[in-house]
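Visitor: Data file start.cif (mmCIF, C-alpha atoms) is appended below.
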data_input
#
loop_
_atom_site.label_atom_id
_atom_site.label_comp_id
_atom_site.auth_asym_id
_atom_site.auth_seq_id
_atom_site.Cartn_x
_atom_site.Cartn_y
_atom_site.Cartn_z
CA MET A 1 -169.99 -54.92 25.83
CA PHE A 2 -170.47 -52.37 28.62
CA ASN A 3 -172.48 -54.88 30.65
CA ILE A 4 -169.73 -57.48 30.27
CA ILE A 5 -167.06 -55.02 31.42
CA ARG A 6 -169.19 -53.97 34.37
CA SER A 7 -169.84 -57.62 35.24
CA GLU A 8 -166.13 -58.49 35.10
CA LEU A 9 -165.22 -55.51 37.27
CA TYR A 10 -167.97 -56.43 39.74
CA LYS A 11 -166.69 -60.01 40.02
CA THR A 12 -163.10 -58.82 40.38
CA ARG A 13 -164.07 -56.29 43.05
CA HIS A 14 -165.62 -59.07 45.15
CA ARG A 15 -162.65 -61.44 44.91
CA LYS A 16 -159.86 -61.56 47.49
CA TYR A 17 -157.16 -62.20 44.88
CA PRO A 18 -156.64 -58.61 43.61
CA TYR A 19 -156.63 -57.17 47.14
CA ILE A 20 -154.10 -59.76 48.32
CA LEU A 21 -151.94 -59.11 45.25
CA ILE A 22 -151.92 -55.32 45.67
CA GLY A 23 -151.48 -55.73 49.43
CA ILE A 24 -148.38 -57.90 48.99
CA LEU A 25 -146.86 -55.55 46.42
CA SER A 26 -147.60 -52.54 48.63
CA ALA A 27 -145.97 -54.34 51.56
CA PHE A 28 -142.80 -54.87 49.50
CA ILE A 29 -142.76 -51.18 48.61
CA LEU A 30 -143.24 -50.15 52.24
CA PHE A 31 -140.47 -52.54 53.31
CA PHE A 32 -138.10 -51.08 50.71
CA VAL A 33 -138.92 -47.50 51.73
CA THR A 34 -138.65 -48.30 55.46
CA VAL A 35 -135.23 -49.95 55.07
CA THR A 36 -134.03 -47.03 52.95
CA ALA A 37 -135.32 -44.54 55.53
CA PHE A 38 -133.55 -46.43 58.33
CA GLN A 39 -130.24 -46.42 56.44
CA ASN A 40 -130.80 -42.76 55.66
CA ARG A 41 -130.98 -41.90 59.37
CA VAL A 42 -128.11 -44.19 60.39
CA ASN A 43 -125.80 -42.73 57.75
CA ASN A 44 -127.14 -39.19 58.27
CA ALA A 45 -127.69 -38.92 54.51
CA ASN A 46 -130.11 -36.67 52.69
CA ILE A 47 -131.91 -39.31 50.66
CA GLY A 48 -135.43 -38.32 49.71
CA LEU A 49 -138.17 -38.86 47.16
CA GLY A 50 -135.99 -37.95 44.20
CA ASP A 51 -133.34 -40.54 45.07
CA VAL A 52 -135.95 -43.25 45.64
CA LEU A 53 -137.66 -42.56 42.31
CA LEU A 54 -134.34 -42.77 40.47
CA ALA A 55 -133.55 -46.04 42.25
CA CYS A 56 -136.90 -47.46 41.10
CA VAL A 57 -136.36 -46.75 37.39
CA PRO A 58 -134.45 -50.03 36.74
CA LEU A 59 -137.27 -51.91 38.50
CA LEU A 60 -140.00 -50.74 36.12
CA SER A 61 -139.57 -53.84 33.95
CA MET A 62 -141.08 -55.86 36.81
CA GLY A 63 -144.41 -54.36 35.77
CA VAL A 64 -144.43 -56.77 32.82
CA TYR A 65 -144.67 -59.73 35.19
CA MET A 66 -147.41 -58.01 37.17
CA THR A 67 -149.64 -58.03 34.10
CA ILE A 68 -150.09 -61.81 34.11
CA LEU A 69 -151.07 -61.66 37.79
CA ILE A 70 -153.61 -58.89 37.06
CA VAL A 71 -155.07 -60.95 34.21
CA ASP A 72 -155.17 -64.03 36.42
CA ALA A 73 -157.03 -62.06 39.09
CA VAL A 74 -159.69 -60.98 36.58
CA PHE A 75 -159.86 -64.28 34.67
CA SER A 76 -160.04 -66.30 37.89
CA ASP A 77 -160.24 -69.98 36.85
CA GLU A 78 -162.97 -69.50 34.23
CA TYR A 79 -162.24 -72.88 32.63
CA LYS A 80 -161.72 -74.71 35.91
CA ASN A 81 -165.02 -73.47 37.37
CA GLN A 82 -166.81 -73.87 34.00
CA THR A 83 -168.20 -70.34 34.23
CA MET A 84 -166.89 -69.63 30.73
CA LYS A 85 -169.18 -72.33 29.34
CA ASN A 86 -172.18 -70.88 31.14
CA THR A 87 -171.44 -67.38 29.88
CA VAL A 88 -171.19 -68.49 26.25
CA ALA A 89 -174.28 -70.70 26.59
CA PHE A 90 -176.20 -67.68 27.89
CA GLY A 91 -175.82 -66.10 24.46
CA ILE A 92 -172.95 -63.66 24.94
CA SER A 93 -170.74 -63.53 21.86
CA ARG A 94 -167.18 -64.74 22.21
CA THR A 95 -165.86 -61.52 20.72
CA SER A 96 -167.67 -59.43 23.34
CA LEU A 97 -166.46 -61.74 26.10
CA PHE A 98 -162.85 -61.60 24.88
CA PHE A 99 -162.72 -57.81 24.63
CA GLY A 100 -164.83 -57.33 27.75
CA LYS A 101 -162.30 -59.22 29.84
CA LEU A 102 -159.40 -57.45 28.15
CA ILE A 103 -160.81 -53.99 28.87
CA ALA A 104 -161.62 -54.99 32.47
CA GLU A 105 -158.04 -56.21 32.89
CA LEU A 106 -156.71 -52.91 31.54
CA ILE A 107 -158.87 -50.96 33.99
CA VAL A 108 -157.73 -53.09 36.94
CA ALA A 109 -154.10 -52.73 35.80
CA VAL A 110 -154.36 -48.92 35.62
CA ILE A 111 -155.94 -48.74 39.08
CA SER A 112 -153.25 -51.05 40.47
CA LEU A 113 -150.47 -48.92 38.95
CA ILE A 114 -151.94 -45.74 40.43
CA VAL A 115 -152.27 -47.34 43.87
CA LEU A 116 -148.70 -48.67 43.87
CA LEU A 117 -147.24 -45.35 42.70
CA ALA A 118 -149.24 -43.56 45.39
CA VAL A 119 -147.95 -45.96 48.06
CA LEU A 120 -144.37 -45.42 46.88
CA ILE A 121 -144.54 -41.63 46.72
CA LEU A 122 -146.58 -41.02 49.88
CA SER A 123 -144.62 -43.46 52.06
CA THR A 124 -141.33 -41.93 50.88
CA LEU A 125 -142.54 -38.40 51.59
CA ILE A 126 -143.76 -39.41 55.05
CA LEU A 127 -140.64 -41.36 56.08
CA MET A 128 -137.90 -39.40 54.29
CA GLY A 129 -139.35 -36.21 52.89
CA PRO A 130 -138.63 -34.73 49.46
CA GLY A 131 -134.86 -34.66 49.98
CA ASP A 132 -132.56 -32.42 47.97
CA GLN A 133 -134.68 -30.10 45.82
CA MET A 134 -132.30 -30.18 42.86
CA VAL A 135 -132.31 -33.99 42.85
CA LEU A 136 -136.10 -34.04 43.13
CA GLN A 137 -136.56 -31.57 40.26
CA ALA A 138 -134.31 -33.72 38.06
CA ALA A 139 -135.82 -37.04 39.18
CA LEU A 140 -139.52 -36.28 38.70
CA PRO A 141 -139.44 -35.85 34.90
CA ILE A 142 -136.98 -38.74 34.50
CA PHE A 143 -139.16 -41.13 36.49
CA PHE A 144 -142.52 -40.20 35.01
CA GLN A 145 -141.15 -40.11 31.47
CA ARG A 146 -139.93 -43.67 32.03
CA VAL A 147 -143.35 -44.68 33.33
CA VAL A 148 -144.95 -43.26 30.17
CA LEU A 149 -142.45 -45.17 28.02
CA CYS A 150 -143.34 -48.38 29.86
CA LEU A 151 -147.11 -48.03 29.41
CA PRO A 152 -147.33 -49.35 25.81
CA LEU A 153 -145.04 -52.23 26.77
CA PHE A 154 -147.25 -53.06 29.75
CA VAL A 155 -150.31 -53.01 27.48
CA GLY A 156 -148.59 -55.36 25.04
CA ALA A 157 -147.63 -57.74 27.84
CA LEU A 158 -151.16 -57.64 29.27
CA CYS A 159 -152.63 -58.54 25.86
CA VAL A 160 -150.26 -61.50 25.66
CA ALA A 161 -151.33 -62.56 29.15
CA ASN A 162 -154.99 -62.27 28.12
CA PHE A 163 -154.30 -64.36 25.00
CA LEU A 164 -152.60 -67.08 27.06
CA SER A 165 -155.42 -67.11 29.63
CA PHE A 166 -158.02 -67.73 26.93
CA THR A 167 -155.82 -70.33 25.20
CA ILE A 168 -154.42 -72.36 28.12
CA LYS A 169 -156.88 -73.89 30.55
CA SER A 170 -154.48 -74.29 33.48
CA ASN A 171 -153.71 -71.03 35.31
CA GLY A 172 -150.41 -72.41 36.58
CA VAL A 173 -149.25 -73.44 33.11
CA CYS A 174 -150.41 -70.11 31.69
CA ILE A 175 -148.38 -68.11 34.22
CA SER A 176 -145.33 -70.36 33.70
CA VAL A 177 -145.45 -69.95 29.91
CA PHE A 178 -145.73 -66.18 30.31
CA PHE A 179 -142.74 -65.97 32.65
CA ILE A 180 -140.62 -68.22 30.41
CA MET A 181 -141.59 -66.25 27.30
CA PHE A 182 -140.59 -62.87 28.70
CA THR A 183 -137.66 -64.04 30.83
CA LEU A 184 -135.89 -66.21 28.25
CA GLY A 185 -137.15 -64.90 24.90
CA ALA A 186 -134.44 -62.28 24.42
CA GLN A 187 -131.73 -64.61 25.71
CA PHE A 188 -132.89 -67.33 23.31
CA CYS A 189 -132.50 -64.92 20.38
CA SER A 190 -128.98 -64.08 21.56
CA TRP A 191 -128.10 -67.79 21.56
CA LEU A 192 -129.55 -68.23 18.07
CA ALA A 193 -127.54 -65.22 16.88
CA GLN A 194 -124.33 -66.93 17.98
CA LEU A 195 -125.32 -70.14 16.17
CA LEU A 196 -127.16 -68.95 13.07
CA GLY A 197 -126.23 -65.34 12.46
CA PRO A 198 -126.86 -61.71 13.45
CA VAL A 199 -130.38 -61.63 12.00
CA PHE A 200 -131.58 -62.89 15.37
CA LEU A 201 -130.03 -59.85 17.06
CA THR A 202 -132.27 -57.71 14.88
CA ILE A 203 -135.25 -59.81 15.95
CA ARG A 204 -134.16 -59.47 19.57
CA SER A 205 -134.04 -55.68 19.28
CA TRP A 206 -137.78 -55.69 18.51
CA LEU A 207 -138.77 -57.95 21.39
CA LEU A 208 -140.53 -56.40 24.37
CA MET A 209 -138.14 -56.91 27.27
CA PRO A 210 -134.99 -55.46 25.59
CA GLN A 211 -136.80 -52.12 25.28
CA PHE A 212 -136.31 -51.64 29.02
CA ASP A 213 -132.54 -51.57 28.44
CA SER A 214 -133.07 -48.30 26.57
CA ILE A 215 -135.63 -46.94 29.01
CA VAL A 216 -133.32 -47.09 32.04
CA LYS A 217 -130.57 -45.06 30.35
CA ASN A 218 -130.23 -41.46 31.54
CA THR A 219 -129.07 -40.26 28.11
CA ILE A 220 -132.17 -41.25 26.13
CA VAL A 221 -134.18 -38.80 24.04
CA PHE A 222 -137.78 -39.30 25.16
CA GLY A 223 -139.37 -38.87 21.73
CA ASP A 224 -136.99 -41.29 20.00
CA VAL A 225 -137.55 -44.11 22.49
CA LEU A 226 -141.30 -43.47 22.74
CA GLY A 227 -141.79 -44.25 19.06
CA LYS A 228 -140.18 -47.66 19.30
CA CYS A 229 -141.93 -48.49 22.58
CA LEU A 230 -145.27 -47.67 20.95
CA ILE A 231 -144.51 -49.82 17.90
CA VAL A 232 -143.33 -52.79 19.97
CA GLY A 233 -146.08 -52.55 22.59
CA LEU A 234 -148.89 -52.10 20.07
CA GLY A 235 -147.38 -54.82 17.88
CA TYR A 236 -147.51 -57.30 20.75
CA ALA A 237 -151.03 -56.14 21.61
CA ILE A 238 -152.41 -56.46 18.08
CA VAL A 239 -150.83 -59.85 17.32
CA ALA A 240 -151.81 -61.34 20.69
CA THR A 241 -155.37 -60.03 20.40
CA VAL A 242 -155.93 -61.16 16.80
CA VAL A 243 -154.44 -64.62 17.36
CA GLY A 244 -156.07 -65.04 20.77
CA LEU A 245 -159.52 -64.09 19.50
CA ALA A 246 -159.19 -66.35 16.45
CA LEU A 247 -158.25 -69.34 18.61
CA PHE A 248 -160.98 -68.60 21.16
CA GLN A 249 -163.61 -68.41 18.40
CA ARG A 250 -162.68 -71.93 17.26
CA ARG A 251 -162.13 -73.72 20.54
CA GLU A 252 -164.68 -76.01 22.09
CA ILE A 253 -165.57 -74.93 25.61
CA LYS A 254 -166.41 -77.79 27.97
#
How does the structure come out when it is put into structure tokens?
Guide:
Amino acid sequence: MFNIIRSELYKTRHRKYPYILIGILSAFILFFVTVTAFQNRVNNANIGLGDVLLACVPLLSMGVYMTILIVDAVFSDEYKNQTMKNTVAFGISRTSLFFGKLIAELIVAVISLIVLLAVLILSTLILMGPGDQMVLQAALPIFFQRVVLCLPLFVGALCVANFLSFTIKSNGVCISVFFIMFTLGAQFCSWLAQLLGPVFLTIRSWLLMPQFDSIVKNTIVFGDVLGKCLIVGLGYAIVATVVGLALFQRREIK
């Protein structure tokens, strides 16, 4: 297993895809911070790191959609290039391959998150400074508590992305299915609730994306929301992993 993880990380490290992805996302962050800093100077405001972190809280849900791109960067057209077939033919068990890729994807995702947070915080400090100390002292725990709440949801989404990548041969179709699932899933349950009854609202409340509605609220109690985020995130992770591995064990690799 360790050799598989090391191999996947080695291959990912020597691909352009992850560097381009993180580079583009970092560029968006720098653009956002630069525009905010310019407006800050024009309006002679005292916007600083605390204000920027609070403004970014509603954007944390975008991390869900990053997970499929991280998985795609690690998976990298295994079926298209027929490297999956060669790996299995070499004698590596499918279970080890499945979990090896999943763990490698988690490692790449953690590194990517750290890099993007560092870009956000450092660029804001350089261009705008810490800002009002009272705002900063209030914003830091709010922001990082929200990041912690998002982590199990990100893990759940990444496991779903890994499941889809092993199940669907086309990368484009895989990414499209992922985006549709997480963009329209909650809305679809709302439509069904109007047609068939409120039971679908209960189902919706346990879907992954609606959890971010609670996370962005300033009045939340961290411990209360953390429990549900853990249950939902781990639920997605376990179901996606069990189903994905079962399907991968049975599929014929050509």
Visitor: Hey, can I get the axis-aligned box for segment 172-176 of chain A? All listed atoms, 8 Å padding on each side, centre and edge lengths in Å to one decimal, as lines of an AutoDock Vina configuration file.
Guide:
center_x = -147.9
center_y = -70.8
center_z = 34.1
size_x = 21.1
size_y = 21.3
size_z = 20.9
Visitor: Pick from A:Arg13, A:Ala186, A:Phe28, A:Ile4: nearest to Ile92 of chain A, with only C-alpha atoms counted?
Guide: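 Between A:Arg13, A:Ala186, A:Phe28, A:Ile4, the residue approaching Ile92 of chain A most closely is A:Ile4.
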Visitor: With distances taken over all atoms listed in the file, which residue among A:Phe2, A:Tyr19, A:Phe98, A:Phe143 lies nearest Ala55 of chain A?
Guide: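 Among A:Phe2, A:Tyr19, A:Phe98, A:Phe143, it is A:Phe143 that comes nearest to Ala55 of chain A.
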Visitor: Which residue, A:Ser170, A:Asn3, A:Asn44, A:Gln211, has the smallest gap to Leu60 of chain A when you use only C-alpha atoms?
Guide: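 Of A:Ser170, A:Asn3, A:Asn44, A:Gln211, the one nearest Leu60 of chain A is A:Gln211, counting only C-alpha atoms.
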Visitor: Residues within 10 Å of Pro210 of chain A, please, as a list in words. Count all atoms listed in the file; anything in the same chain fewer than 4 positions from it doesn't count.
Guide: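 Selected residues are Ser61, Phe182, Gly185, Ala186, Gln187, Arg204, Ser205, Trp206, Ser214 and Ile215 of chain A.
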Visitor: For the residues in that selection, give me C-alpha atoms as a compact mmCIF listing (two decimals), keeping the file's coordinate frame.
Guide:
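Result file is out_31.txt:
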# COMPACT_ATOMS: atom_id res chain seq x y z
CA SER A 61 -139.57 -53.84 33.95
CA PHE A 182 -140.59 -62.87 28.70
CA GLY A 185 -137.15 -64.90 24.90
CA ALA A 186 -134.44 -62.28 24.42
CA GLN A 187 -131.73 -64.61 25.71
CA ARG A 204 -134.16 -59.47 19.57
CA SER A 205 -134.04 -55.68 19.28
CA TRP A 206 -137.78 -55.69 18.51
CA SER A 214 -133.07 -48.30 26.57
CA ILE A 215 -135.63 -46.94 29.01
Visitor: Using all atoms listed in the file, determine which residues lie at most 9 Å from Val232 of chain A, disregarding the query and same-chain residues fewer than 4 positions distant; provide the list as JSON, numbers by chain.
Guide: {"A": [152, 153, 156, 206, 207, 208, 211, 227, 228, 236, 237]}
Visitor: List, as a PDB file with C-alpha atoms, keeping the file's coordinate frame, every residue that the PyMOL selection byres ((chain A and resi 142) around 12) selects in the file provided.
Guide:
ATOM      1  CA  GLY A  50    -135.990 -37.950  44.200  1.00  0.00           C
ATOM      2  CA  ASP A  51    -133.340 -40.540  45.070  1.00  0.00           C
ATOM      3  CA  LEU A  53    -137.660 -42.560  42.310  1.00  0.00           C
ATOM      4  CA  LEU A  54    -134.340 -42.770  40.470  1.00  0.00           C
ATOM      5  CA  ALA A  55    -133.550 -46.040  42.250  1.00  0.00           C
ATOM      6  CA  CYS A  56    -136.900 -47.460  41.100  1.00  0.00           C
ATOM      7  CA  VAL A  57    -136.360 -46.750  37.390  1.00  0.00           C
ATOM      8  CA  PRO A  58    -134.450 -50.030  36.740  1.00  0.00           C
ATOM      9  CA  VAL A 135    -132.310 -33.990  42.850  1.00  0.00           C
ATOM     10  CA  LEU A 136    -136.100 -34.040  43.130  1.00  0.00           C
ATOM     11  CA  GLN A 137    -136.560 -31.570  40.260  1.00  0.00           C
ATOM     12  CA  ALA A 138    -134.310 -33.720  38.060  1.00  0.00           C
ATOM     13  CA  ALA A 139    -135.820 -37.040  39.180  1.00  0.00           C
ATOM     14  CA  LEU A 140    -139.520 -36.280  38.700  1.00  0.00           C
ATOM     15  CA  PRO A 141    -139.440 -35.850  34.900  1.00  0.00           C
ATOM     16  CA  PHE A 143    -139.160 -41.130  36.490  1.00  0.00           C
ATOM     17  CA  PHE A 144    -142.520 -40.200  35.010  1.00  0.00           C
ATOM     18  CA  GLN A 145    -141.150 -40.110  31.470  1.00  0.00           C
ATOM     19  CA  ARG A 146    -139.930 -43.670  32.030  1.00  0.00           C
ATOM     20  CA  VAL A 147    -143.350 -44.680  33.330  1.00  0.00           C
ATOM     21  CA  VAL A 148    -144.950 -43.260  30.170  1.00  0.00           C
ATOM     22  CA  LEU A 149    -142.450 -45.170  28.020  1.00  0.00           C
ATOM     23  CA  ILE A 215    -135.630 -46.940  29.010  1.00  0.00           C
ATOM     24  CA  VAL A 216    -133.320 -47.090  32.040  1.00  0.00           C
ATOM     25  CA  LYS A 217    -130.570 -45.060  30.350  1.00  0.00           C
ATOM     26  CA  ASN A 218    -130.230 -41.460  31.540  1.00  0.00           C
ATOM     27  CA  THR A 219    -129.070 -40.260  28.110  1.00  0.00           C
ATOM     28  CA  ILE A 220    -132.170 -41.250  26.130  1.00  0.00           C
ATOM     29  CA  VAL A 221    -134.180 -38.800  24.040  1.00  0.00           C
ATOM     30  CA  PHE A 222    -137.780 -39.300  25.160  1.00  0.00           C
TER      31      PHE A 222
END
Visitor: Taking all atoms listed in the file into account, which of A:Met66, A:Leu102, A:Cys159, A:Ala89 comes nearest Pro18 of chain A?
Guide: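 Smallest separation from Pro18 of chain A among the options: A:Met66.
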Visitor: Around the point (-163.8, -61.9, 41.3) in the file's coordinates, collect all residues with an atom within 12 Å, using all atoms listed in the file, and return them as number ranges by chain.
Guide: A: 6-19, 70-78, 83, 101, 104-105, 108
Visitor: Applying the PyMOL selection byres ((chain A and resi 30-32) around 12) to the file I just gave you, which residues come out? Please list them as a count of residues only.
Guide: 30
Visitor: Using Å and a single decimal, report how far atom CA of Leu234 of chain A sits from atom CA of Leu201 of chain A.
Guide: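 So the answer is 20.6 Å.
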Visitor: Calculate how many Å separate atom CA of Phe163 of chain A from atom CA of Phe179 of chain A, rounding to one decimal.
Guide: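 Spanning atom CA of Phe163 of chain A to atom CA of Phe179 of chain A is a straight-line distance of 14.0 Å.
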Visitor: Check what the PyMOL selection byres ((chain A and resi 165) around 9) selects in the file above and give those residues as an MDAnalysis selection string.
Guide: chainID A and resid 68 71:72 75 160:164 166:171 174:175
Visitor: Between atom CA of Met62 of chain A and atom CA of Val239 of chain A, what is the spacing in Å?
Guide: 22.2 Å
Visitor: Rebuild segment 199-229 of chain A to N, CA and C atoms - output it as a PDB file, in the coordinates of the input, please.
Guide:
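The resulting file, selection.pdb, is shown below:
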ATOM      1  N   VAL A 199    -128.988 -61.985  12.258  1.00  0.00           N
ATOM      2  CA  VAL A 199    -130.380 -61.630  12.000  1.00  0.00           C
ATOM      3  C   VAL A 199    -131.228 -61.762  13.265  1.00  0.00           C
ATOM      4  N   PHE A 200    -130.825 -62.688  14.132  1.00  0.00           N
ATOM      5  CA  PHE A 200    -131.580 -62.890  15.370  1.00  0.00           C
ATOM      6  C   PHE A 200    -131.346 -61.762  16.375  1.00  0.00           C
ATOM      7  N   LEU A 201    -130.228 -61.041  16.226  1.00  0.00           N
ATOM      8  CA  LEU A 201    -130.030 -59.850  17.060  1.00  0.00           C
ATOM      9  C   LEU A 201    -130.994 -58.743  16.648  1.00  0.00           C
ATOM     10  N   THR A 202    -131.275 -58.675  15.353  1.00  0.00           N
ATOM     11  CA  THR A 202    -132.270 -57.710  14.880  1.00  0.00           C
ATOM     12  C   THR A 202    -133.650 -58.059  15.418  1.00  0.00           C
ATOM     13  N   ILE A 203    -133.969 -59.357  15.387  1.00  0.00           N
ATOM     14  CA  ILE A 203    -135.250 -59.810  15.950  1.00  0.00           C
ATOM     15  C   ILE A 203    -135.312 -59.484  17.430  1.00  0.00           C
ATOM     16  N   ARG A 204    -134.207 -59.737  18.135  1.00  0.00           N
ATOM     17  CA  ARG A 204    -134.160 -59.470  19.570  1.00  0.00           C
ATOM     18  C   ARG A 204    -134.411 -57.991  19.870  1.00  0.00           C
ATOM     19  N   SER A 205    -133.899 -57.118  19.027  1.00  0.00           N
ATOM     20  CA  SER A 205    -134.040 -55.680  19.280  1.00  0.00           C
ATOM     21  C   SER A 205    -135.485 -55.208  19.194  1.00  0.00           C
ATOM     22  N   TRP A 206    -136.363 -56.047  18.610  1.00  0.00           N
ATOM     23  CA  TRP A 206    -137.780 -55.690  18.510  1.00  0.00           C
ATOM     24  C   TRP A 206    -138.644 -56.498  19.469  1.00  0.00           C
ATOM     25  N   LEU A 207    -138.008 -57.270  20.348  1.00  0.00           N
ATOM     26  CA  LEU A 207    -138.770 -57.950  21.390  1.00  0.00           C
ATOM     27  C   LEU A 207    -139.100 -56.958  22.505  1.00  0.00           C
ATOM     28  N   LEU A 208    -140.012 -57.343  23.369  1.00  0.00           N
ATOM     29  CA  LEU A 208    -140.530 -56.400  24.370  1.00  0.00           C
ATOM     30  C   LEU A 208    -139.542 -56.104  25.488  1.00  0.00           C
ATOM     31  N   MET A 209    -138.979 -57.130  26.095  1.00  0.00           N
ATOM     32  CA  MET A 209    -138.140 -56.910  27.270  1.00  0.00           C
ATOM     33  C   MET A 209    -136.876 -56.096  26.990  1.00  0.00           C
ATOM     34  N   PRO A 210    -136.185 -56.281  25.849  1.00  0.00           N
ATOM     35  CA  PRO A 210    -134.990 -55.460  25.590  1.00  0.00           C
ATOM     36  C   PRO A 210    -135.256 -53.964  25.517  1.00  0.00           C
ATOM     37  N   GLN A 211    -136.500 -53.556  25.337  1.00  0.00           N
ATOM     38  CA  GLN A 211    -136.800 -52.120  25.280  1.00  0.00           C
ATOM     39  C   GLN A 211    -136.504 -51.441  26.619  1.00  0.00           C
ATOM     40  N   PHE A 212    -136.589 -52.215  27.699  1.00  0.00           N
ATOM     41  CA  PHE A 212    -136.310 -51.640  29.020  1.00  0.00           C
ATOM     42  C   PHE A 212    -134.838 -51.284  29.184  1.00  0.00           C
ATOM     43  N   ASP A 213    -133.958 -51.935  28.394  1.00  0.00           N
ATOM     44  CA  ASP A 213    -132.540 -51.570  28.440  1.00  0.00           C
ATOM     45  C   ASP A 213    -132.350 -50.120  28.001  1.00  0.00           C
ATOM     46  N   SER A 214    -133.145 -49.694  27.026  1.00  0.00           N
ATOM     47  CA  SER A 214    -133.070 -48.300  26.570  1.00  0.00           C
ATOM     48  C   SER A 214    -133.755 -47.355  27.538  1.00  0.00           C
ATOM     49  N   ILE A 215    -134.853 -47.806  28.124  1.00  0.00           N
ATOM     50  CA  ILE A 215    -135.630 -46.940  29.010  1.00  0.00           C
ATOM     51  C   ILE A 215    -134.840 -46.513  30.238  1.00  0.00           C
ATOM     52  N   VAL A 216    -134.015 -47.405  30.792  1.00  0.00           N
ATOM     53  CA  VAL A 216    -133.320 -47.090  32.040  1.00  0.00           C
ATOM     54  C   VAL A 216    -132.123 -46.160  31.835  1.00  0.00           C
ATOM     55  N   LYS A 217    -131.726 -45.921  30.598  1.00  0.00           N
ATOM     56  CA  LYS A 217    -130.570 -45.060  30.350  1.00  0.00           C
ATOM     57  C   LYS A 217    -130.924 -43.599  30.603  1.00  0.00           C
ATOM     58  N   ASN A 218    -129.995 -42.877  31.228  1.00  0.00           N
ATOM     59  CA  ASN A 218    -130.230 -41.460  31.540  1.00  0.00           C
ATOM     60  C   ASN A 218    -130.049 -40.562  30.314  1.00  0.00           C
ATOM     61  N   THR A 219    -129.411 -41.089  29.268  1.00  0.00           N
ATOM     62  CA  THR A 219    -129.070 -40.260  28.110  1.00  0.00           C
ATOM     63  C   THR A 219    -130.107 -40.351  26.990  1.00  0.00           C
ATOM     64  N   ILE A 220    -131.215 -41.036  27.208  1.00  0.00           N
ATOM     65  CA  ILE A 220    -132.170 -41.250  26.130  1.00  0.00           C
ATOM     66  C   ILE A 220    -132.890 -39.951  25.758  1.00  0.00           C
ATOM     67  N   VAL A 221    -133.294 -39.872  24.502  1.00  0.00           N
ATOM     68  CA  VAL A 221    -134.180 -38.800  24.040  1.00  0.00           C
ATOM     69  C   VAL A 221    -135.590 -39.361  24.073  1.00  0.00           C
ATOM     70  N   PHE A 222    -136.444 -38.752  24.881  1.00  0.00           N
ATOM     71  CA  PHE A 222    -137.780 -39.300  25.160  1.00  0.00           C
ATOM     72  C   PHE A 222    -138.552 -39.615  23.882  1.00  0.00           C
ATOM     73  N   GLY A 223    -138.590 -38.679  22.946  1.00  0.00           N
ATOM     74  CA  GLY A 223    -139.370 -38.870  21.730  1.00  0.00           C
ATOM     75  C   GLY A 223    -138.885 -40.024  20.883  1.00  0.00           C
ATOM     76  N   ASP A 224    -137.551 -40.208  20.808  1.00  0.00           N
ATOM     77  CA  ASP A 224    -136.990 -41.290  20.000  1.00  0.00           C
ATOM     78  C   ASP A 224    -137.373 -42.657  20.560  1.00  0.00           C
ATOM     79  N   VAL A 225    -137.258 -42.821  21.863  1.00  0.00           N
ATOM     80  CA  VAL A 225    -137.550 -44.110  22.490  1.00  0.00           C
ATOM     81  C   VAL A 225    -139.050 -44.373  22.520  1.00  0.00           C
ATOM     82  N   LEU A 226    -139.848 -43.311  22.682  1.00  0.00           N
ATOM     83  CA  LEU A 226    -141.300 -43.470  22.740  1.00  0.00           C
ATOM     84  C   LEU A 226    -141.843 -44.110  21.469  1.00  0.00           C
ATOM     85  N   GLY A 227    -141.321 -43.689  20.326  1.00  0.00           N
ATOM     86  CA  GLY A 227    -141.790 -44.250  19.060  1.00  0.00           C
ATOM     87  C   GLY A 227    -141.607 -45.748  18.990  1.00  0.00           C
ATOM     88  N   LYS A 228    -140.428 -46.222  19.365  1.00  0.00           N
ATOM     89  CA  LYS A 228    -140.180 -47.660  19.300  1.00  0.00           C
ATOM     90  C   LYS A 228    -140.981 -48.412  20.342  1.00  0.00           C
ATOM     91  N   CYS A 229    -141.126 -47.835  21.538  1.00  0.00           N
ATOM     92  CA  CYS A 229    -141.930 -48.490  22.580  1.00  0.00           C
ATOM     93  C   CYS A 229    -143.383 -48.628  22.130  1.00  0.00           C
TER      94      CYS A 229
END
